[in-house]
Amino acid sequence: MKNIWIICRKELKSYFASPIAYGLMAFFAAISGYFFYVAVAIFVRRGMESQMMGRGMPMDMGEWIVRPLLMNISVIGLFLIPMITMRLFAEEKRTGTIELLATSPVRDIDIILGKWLAAMLLYLAILGTSALNFSFLFMYGKPDWRPLLVGYLGLILQGGCLLAIGTFLSTTTRNQIIAGTATFAVCLLLWVLDWVSSYETAAWAQVLSYLSVVTHFETFAKGVLEIKDIVFYLSMIFFGLFLTARSMESLRWRA
Amino acid sequence: MIKVEGMTKRYGRNVAVDNISFGVQKGQIVGFLGPNGAGKTTTMRVLTCFLPPTAGTAEVAGYDVLAAPMEVKRRIGYLPETPPLYPEMEVVEYLVFVGRLKGIGKGDLARRVDEVIERTAIGDVRTKLLGRLSKGYRQRVGLAQAIIHNPDVLILDEPTAGLDPKQIIETRQLIRKLAGDHTIILSTHILPEVEQTCEQVVIISKGKLVATDSVQNLTNRLRGSEAVAVTVDTPGGEPATDQIRQKLEQVPGVSRVVFKEARDTRQSFEVESLQGRTVRADLARAVVESGWNLVELHAVAFSLEDIFLQLTSTDATEGGKQ
């Protein structure tokens with residue numbers, strides 16, 4: 001436990017010692033701010049239109065702002081995650097510092113969990129910048145906070161699972177660019193897998209759709225907490241970290 | 001302290017280290033000698049638990065590298081060929097990180113860091129970024145990192161590679177100073193380094209163990225005998241080289257006389273004696289009694305270089321014959 005924290009702290013430091021962390025946070029804050037602005041603008045326009053037409057029906061902020069925004073953030077996450085994970089192991093392999101870690105009295109799993117945790121904390125920090133947008137909703141209105149919380153839980157789980165996959169891919173090469181590109185390709189694949197279900201209803205299409213990380217996020221975005229989605233994400237996290245551990249072990253036998 | 005028995009390491013079909021056995025006593029400095037690609041780094045990586053051996057066993061301080069890697073890792077300080085430094089860290093920050101990683105308690109950490117900084121003389125770069133350090137300082141920080149947890153065994157992979165002559169001398173002195181408290185294995189392909197720093201040599205070539213002995217024994221064993229450089233001055237330019245050689249060969253105990261060079265009226269020879277015979281006095285008498293001038297006479301120590309070349313090349317030719 002102590003070793004995990006030692007590794008994690010070192011990783012966080014190197015994230016924040018370079019412009020990566022700040023760059024990603026700024027980039028994400030700008031994009032999510034833009035989406036928020038668009039969603040609010042549409043909401044306001046629709047609201048005025050419906051009033052002019054004499055329909056006094058109150059509009060739901062959750063449906064018009066929170067849900068689309070959460071879906072957008074989840075997709076932006078697919079682009080951010082490769083940039084967070086690509087350096088984790090690839091850089092250590094390139095500079096040879098992996099030898100220091102591997103010959104120190106710490107278990108492989110401590111190293112892996114420490115690195116994944118650091119990536120997770122950076123991801124949370126990045127995600128945190130989007131919370132600013134939602135705070136405006138609370139200042140000027142009364143949105144329901146529970147679906148929002150569920151939505152963020154979903155984002156965290158989805159992020160954790162993609163970060164675990166990215167961590168694994170980072171152990172397979174000493175080239176950061178390759179690690180990042182491969183992670184991006186896998187993220188993209190896991191996203192578009194569910195598109196087949198829109199025209200195909202056969203069993204294989206359902207399986208593919210089930211594997212898509214975005215499918216599982218949709219229920220979270222609606223503010224619905226479903227056990228099967230949580231289980232899906234948790235098992236994907238476990239699977240990713242398990243592959244990382246195997247990959248590190250095979251490193252020793254091959255390298 | 002270290003015991004390696006029948007250790008073999010294969011990468012796929014490549015045999016990097018082939019059935020090596022050797023032992024190291026506590027407190028010794030052992031030089032690991034061999035040409036590039038001989039298997040030095042691989043052997044060290046097995047000893048540090050970075051790589052598992054394909055066959056055979058390796059023990060450090062009584063713990064097997066496969067069965068109890070954690071115990072071995074706790075007792076080993078390792079400086080790989082390129083020091084494992086994080087360029088974005090400051091020197092002190094890095095040493096604190098490594099100290100924590102090696103399991104040094106909170107109370108001792110600051111003291112240990114100060115101690116190794118002093119020992120490796122890196123005090124003037126304490127707050128510099130590792131990425132900005134010169135090669136010499138990087139190497140020393142690497143060494144500081146290896147000794148921070150006061151390990152029983154120090155494993156240094158080419159600790160002087162790429163340093164300038166002054167830094168090389170400083171690093172060697174530092175290593176010798178460390179020898180008292182630690183058992184040290186250092187690898188190198190520079191022969192004088194072994195002669196100057198090590199007590200014991202392990203020579204490997206193409207993954208095979210060629211010789212293991214103390215530096216002194218190895219020098220003695222290989223030639224077994226004394227070699228003497230003789231320079232004779234014959235004023236009239238007479239007699240000819242062959243005559244002098246014959247005269248020298250007649251001295252009892254001499255096994256071989258090799259003509260080296262002639263400069264003006266001086267002629268130099270190298271004389272080898274039979275095992276266990278000292279021939280210097282007889283040589284001097286023989287020269288003087290013949291009416292020549294004895295200009296120079298001194299014993300030649302065989303350099304490890306000769307031995308090394310002899311060992312690795314004879315090994316190759318013998319292998320070919322078999």
# chains A, B, ... in the order shown; residues from 1 in each chain; ligands from 1
call {"tool": "interface_residues", "arguments": {"of": "chain B", "to": "chain A", "cutoff": "7 Å", "atoms": "only C-alpha atoms", "output": "PyMOL selection string"}}
result
chain B and resi 11+48-52+70+73-74+84-85+88+101-102
call {"tool": "residues_around", "arguments": {"residues": "Ile84 (chain A)", "least_positions_apart": "6", "cutoff": "9 Å", "atoms": "only C-alpha atoms", "output": "tab-separated table (two decimals) with C-alpha atoms, in the first residue's frame"}}
result
chain	number	residue	atom	x	y	z
A	15	TYR	CA	2.78	14.90	-14.85
A	20	ILE	CA	1.19	17.80	-20.14
A	21	ALA	CA	-1.17	18.03	-17.17
A	24	LEU	CA	-4.75	18.65	-21.00
A	119	ALA	CA	-3.31	8.51	-14.21
A	122	LEU	CA	-4.89	13.36	-13.23
A	123	TYR	CA	-8.04	12.30	-15.09
A	163	LEU	CA	-6.87	4.17	-18.48
A	166	GLY	CA	-3.90	2.47	-21.96
A	180	GLY	CA	-0.63	6.59	-27.54
call {"tool": "residues_around", "arguments": {"residues": "Lys222 (chain A)", "least_positions_apart": "3", "cutoff": "10 Å", "atoms": "only C-alpha atoms", "output": "compact mmCIF listing (two decimals) with N, CA and C atoms, in the first residue's frame"}}
result
# COMPACT_ATOMS: atom_id res chain seq x y z
N GLY A 62 -32.01 18.80 -16.85
CA GLY A 62 -31.29 17.53 -16.90
C GLY A 62 -31.30 16.97 -18.31
N GLU A 63 -32.45 17.01 -18.93
CA GLU A 63 -32.58 16.40 -20.24
C GLU A 63 -31.90 17.24 -21.33
N VAL A 66 -27.67 18.69 -19.01
CA VAL A 66 -26.76 17.76 -18.32
C VAL A 66 -26.48 16.52 -19.16
N ARG A 67 -27.52 15.91 -19.71
CA ARG A 67 -27.31 14.65 -20.39
C ARG A 67 -26.45 14.80 -21.65
N PRO A 68 -26.79 15.74 -22.54
CA PRO A 68 -25.90 15.87 -23.72
C PRO A 68 -24.48 16.24 -23.34
N LEU A 70 -22.84 15.46 -20.59
CA LEU A 70 -22.14 14.27 -20.07
C LEU A 70 -21.72 13.35 -21.21
N MET A 71 -22.62 13.18 -22.20
CA MET A 71 -22.28 12.32 -23.34
C MET A 71 -21.08 12.90 -24.09
N PRO A 147 -28.81 12.86 -10.63
CA PRO A 147 -28.35 12.31 -11.91
C PRO A 147 -26.96 12.81 -12.30
N LEU A 148 -26.66 14.03 -11.90
CA LEU A 148 -25.36 14.59 -12.21
C LEU A 148 -24.26 13.77 -11.53
N VAL A 150 -24.49 10.66 -10.55
CA VAL A 150 -24.41 9.36 -11.21
C VAL A 150 -23.62 9.48 -12.51
N GLY A 151 -23.88 10.58 -13.23
CA GLY A 151 -23.17 10.81 -14.48
C GLY A 151 -21.67 10.87 -14.27
N PHE A 217 -22.17 3.75 -20.79
CA PHE A 217 -22.20 5.07 -20.18
C PHE A 217 -23.58 5.73 -20.32
N GLU A 218 -24.31 5.35 -21.39
CA GLU A 218 -25.60 6.00 -21.65
C GLU A 218 -26.54 5.94 -20.45
N THR A 219 -26.57 4.80 -19.77
CA THR A 219 -27.47 4.69 -18.62
C THR A 219 -27.04 5.64 -17.51
N LEU A 225 -28.54 4.27 -12.23
CA LEU A 225 -27.44 3.46 -11.72
C LEU A 225 -27.79 2.00 -11.92
call {"tool": "residues_around", "arguments": {"residues": "region 20-26 of chain B", "least_positions_apart": "5", "cutoff": "6 Å", "atoms": "only C-alpha atoms", "output": "list in words"}}
result
Met1, Ile2, Lys3, Val4, Glu5, Gly6, Met7, Thr183 and Leu209 of chain B
call {"tool": "closest_residue", "arguments": {"among": "A:Leu78, A:Phe16, A:Thr85, A:Phe134", "to": "Val40 (chain A)", "atoms": "only C-alpha atoms"}}
result
A:Phe134
call {"tool": "closest_residue", "arguments": {"among": "A:Gly33, A:Ala185, A:Arg87, A:Ile227", "to": "Leu162 (chain A)", "atoms": "only C-alpha atoms"}}
result
A:Ala185
call {"tool": "residues_around", "arguments": {"residues": "Leu169 (chain A)", "least_positions_apart": "6", "cutoff": "9 Å", "atoms": "only C-alpha atoms", "output": "PyMOL selection string"}}
result
chain A and resi 85-86+89-90+178-180+182-183+244
call {"tool": "write_last_selection", "arguments": {"atoms": "N, CA and C atoms", "output": "compact mmCIF listing (two decimals), in the first residue's frame"}}
result
# COMPACT_ATOMS: atom_id res chain seq x y z
N THR A 85 -1.99 8.15 -20.64
CA THR A 85 -1.35 6.86 -20.33
C THR A 85 -0.12 6.56 -21.17
N MET A 86 0.04 7.21 -22.31
CA MET A 86 1.08 6.74 -23.24
C MET A 86 2.47 6.72 -22.63
N PHE A 89 4.58 3.60 -19.00
CA PHE A 89 5.65 2.60 -18.99
C PHE A 89 6.62 2.81 -20.15
N ALA A 90 6.09 3.30 -21.28
CA ALA A 90 6.94 3.44 -22.47
C ALA A 90 8.15 4.30 -22.16
N ILE A 178 3.72 5.26 -30.29
CA ILE A 178 3.03 4.01 -30.63
C ILE A 178 2.02 3.66 -29.54
N ALA A 179 2.46 3.79 -28.27
CA ALA A 179 1.56 3.48 -27.16
C ALA A 179 0.31 4.35 -27.23
N GLY A 180 0.50 5.66 -27.48
CA GLY A 180 -0.63 6.59 -27.54
C GLY A 180 -1.56 6.27 -28.70
N ALA A 182 -1.93 3.43 -30.34
CA ALA A 182 -2.62 2.15 -30.13
C ALA A 182 -3.78 2.34 -29.15
N THR A 183 -3.52 3.09 -28.08
CA THR A 183 -4.58 3.32 -27.09
C THR A 183 -5.74 4.07 -27.72
N THR A 244 -1.75 -5.81 -17.87
CA THR A 244 -0.53 -5.06 -17.60
C THR A 244 0.45 -5.89 -16.78
call {"tool": "select_by_dssp", "arguments": {"residues": "region 54-222 of chain B", "states": "strand (DSSP E or B)", "output": "count of residues only"}}
result
38
call {"tool": "residues_around", "arguments": {"residues": "Ile109 (chain A)", "least_positions_apart": "4", "cutoff": "10 Å", "atoms": "only C-alpha atoms", "output": "PyMOL selection string"}}
result
chain A and resi 3-4+113-115+241-242+244-246+248
call {"tool": "write_last_selection", "arguments": {"atoms": "C-alpha atoms", "output": "PDB file, in the first residue's frame"}}
result
ATOM      1  CA  ASN A   3       4.711   1.479  -2.220  1.00  0.00           C
ATOM      2  CA  ILE A   4       1.689   2.202  -4.403  1.00  0.00           C
ATOM      3  CA  LEU A 113      -1.462   0.238  -9.367  1.00  0.00           C
ATOM      4  CA  GLY A 114       0.625   3.292  -8.463  1.00  0.00           C
ATOM      5  CA  LYS A 115       0.876   4.357 -12.069  1.00  0.00           C
ATOM      6  CA  LEU A 241      -4.593  -4.138 -15.031  1.00  0.00           C
ATOM      7  CA  PHE A 242      -4.320  -7.911 -15.192  1.00  0.00           C
ATOM      8  CA  THR A 244      -0.530  -5.058 -17.601  1.00  0.00           C
ATOM      9  CA  ALA A 245       0.781  -7.363 -14.900  1.00  0.00           C
ATOM     10  CA  ARG A 246       1.142 -10.225 -17.383  1.00  0.00           C
ATOM     11  CA  MET A 248       5.344  -6.763 -17.209  1.00  0.00           C
TER      12      MET A 248
END
call {"tool": "residues_around", "arguments": {"residues": "Ser290 (chain B)", "least_positions_apart": "4", "cutoff": "9 Å", "atoms": "only C-alpha atoms", "output": "JSON, numbers by chain"}}
result
{"B": [247, 285, 286]}
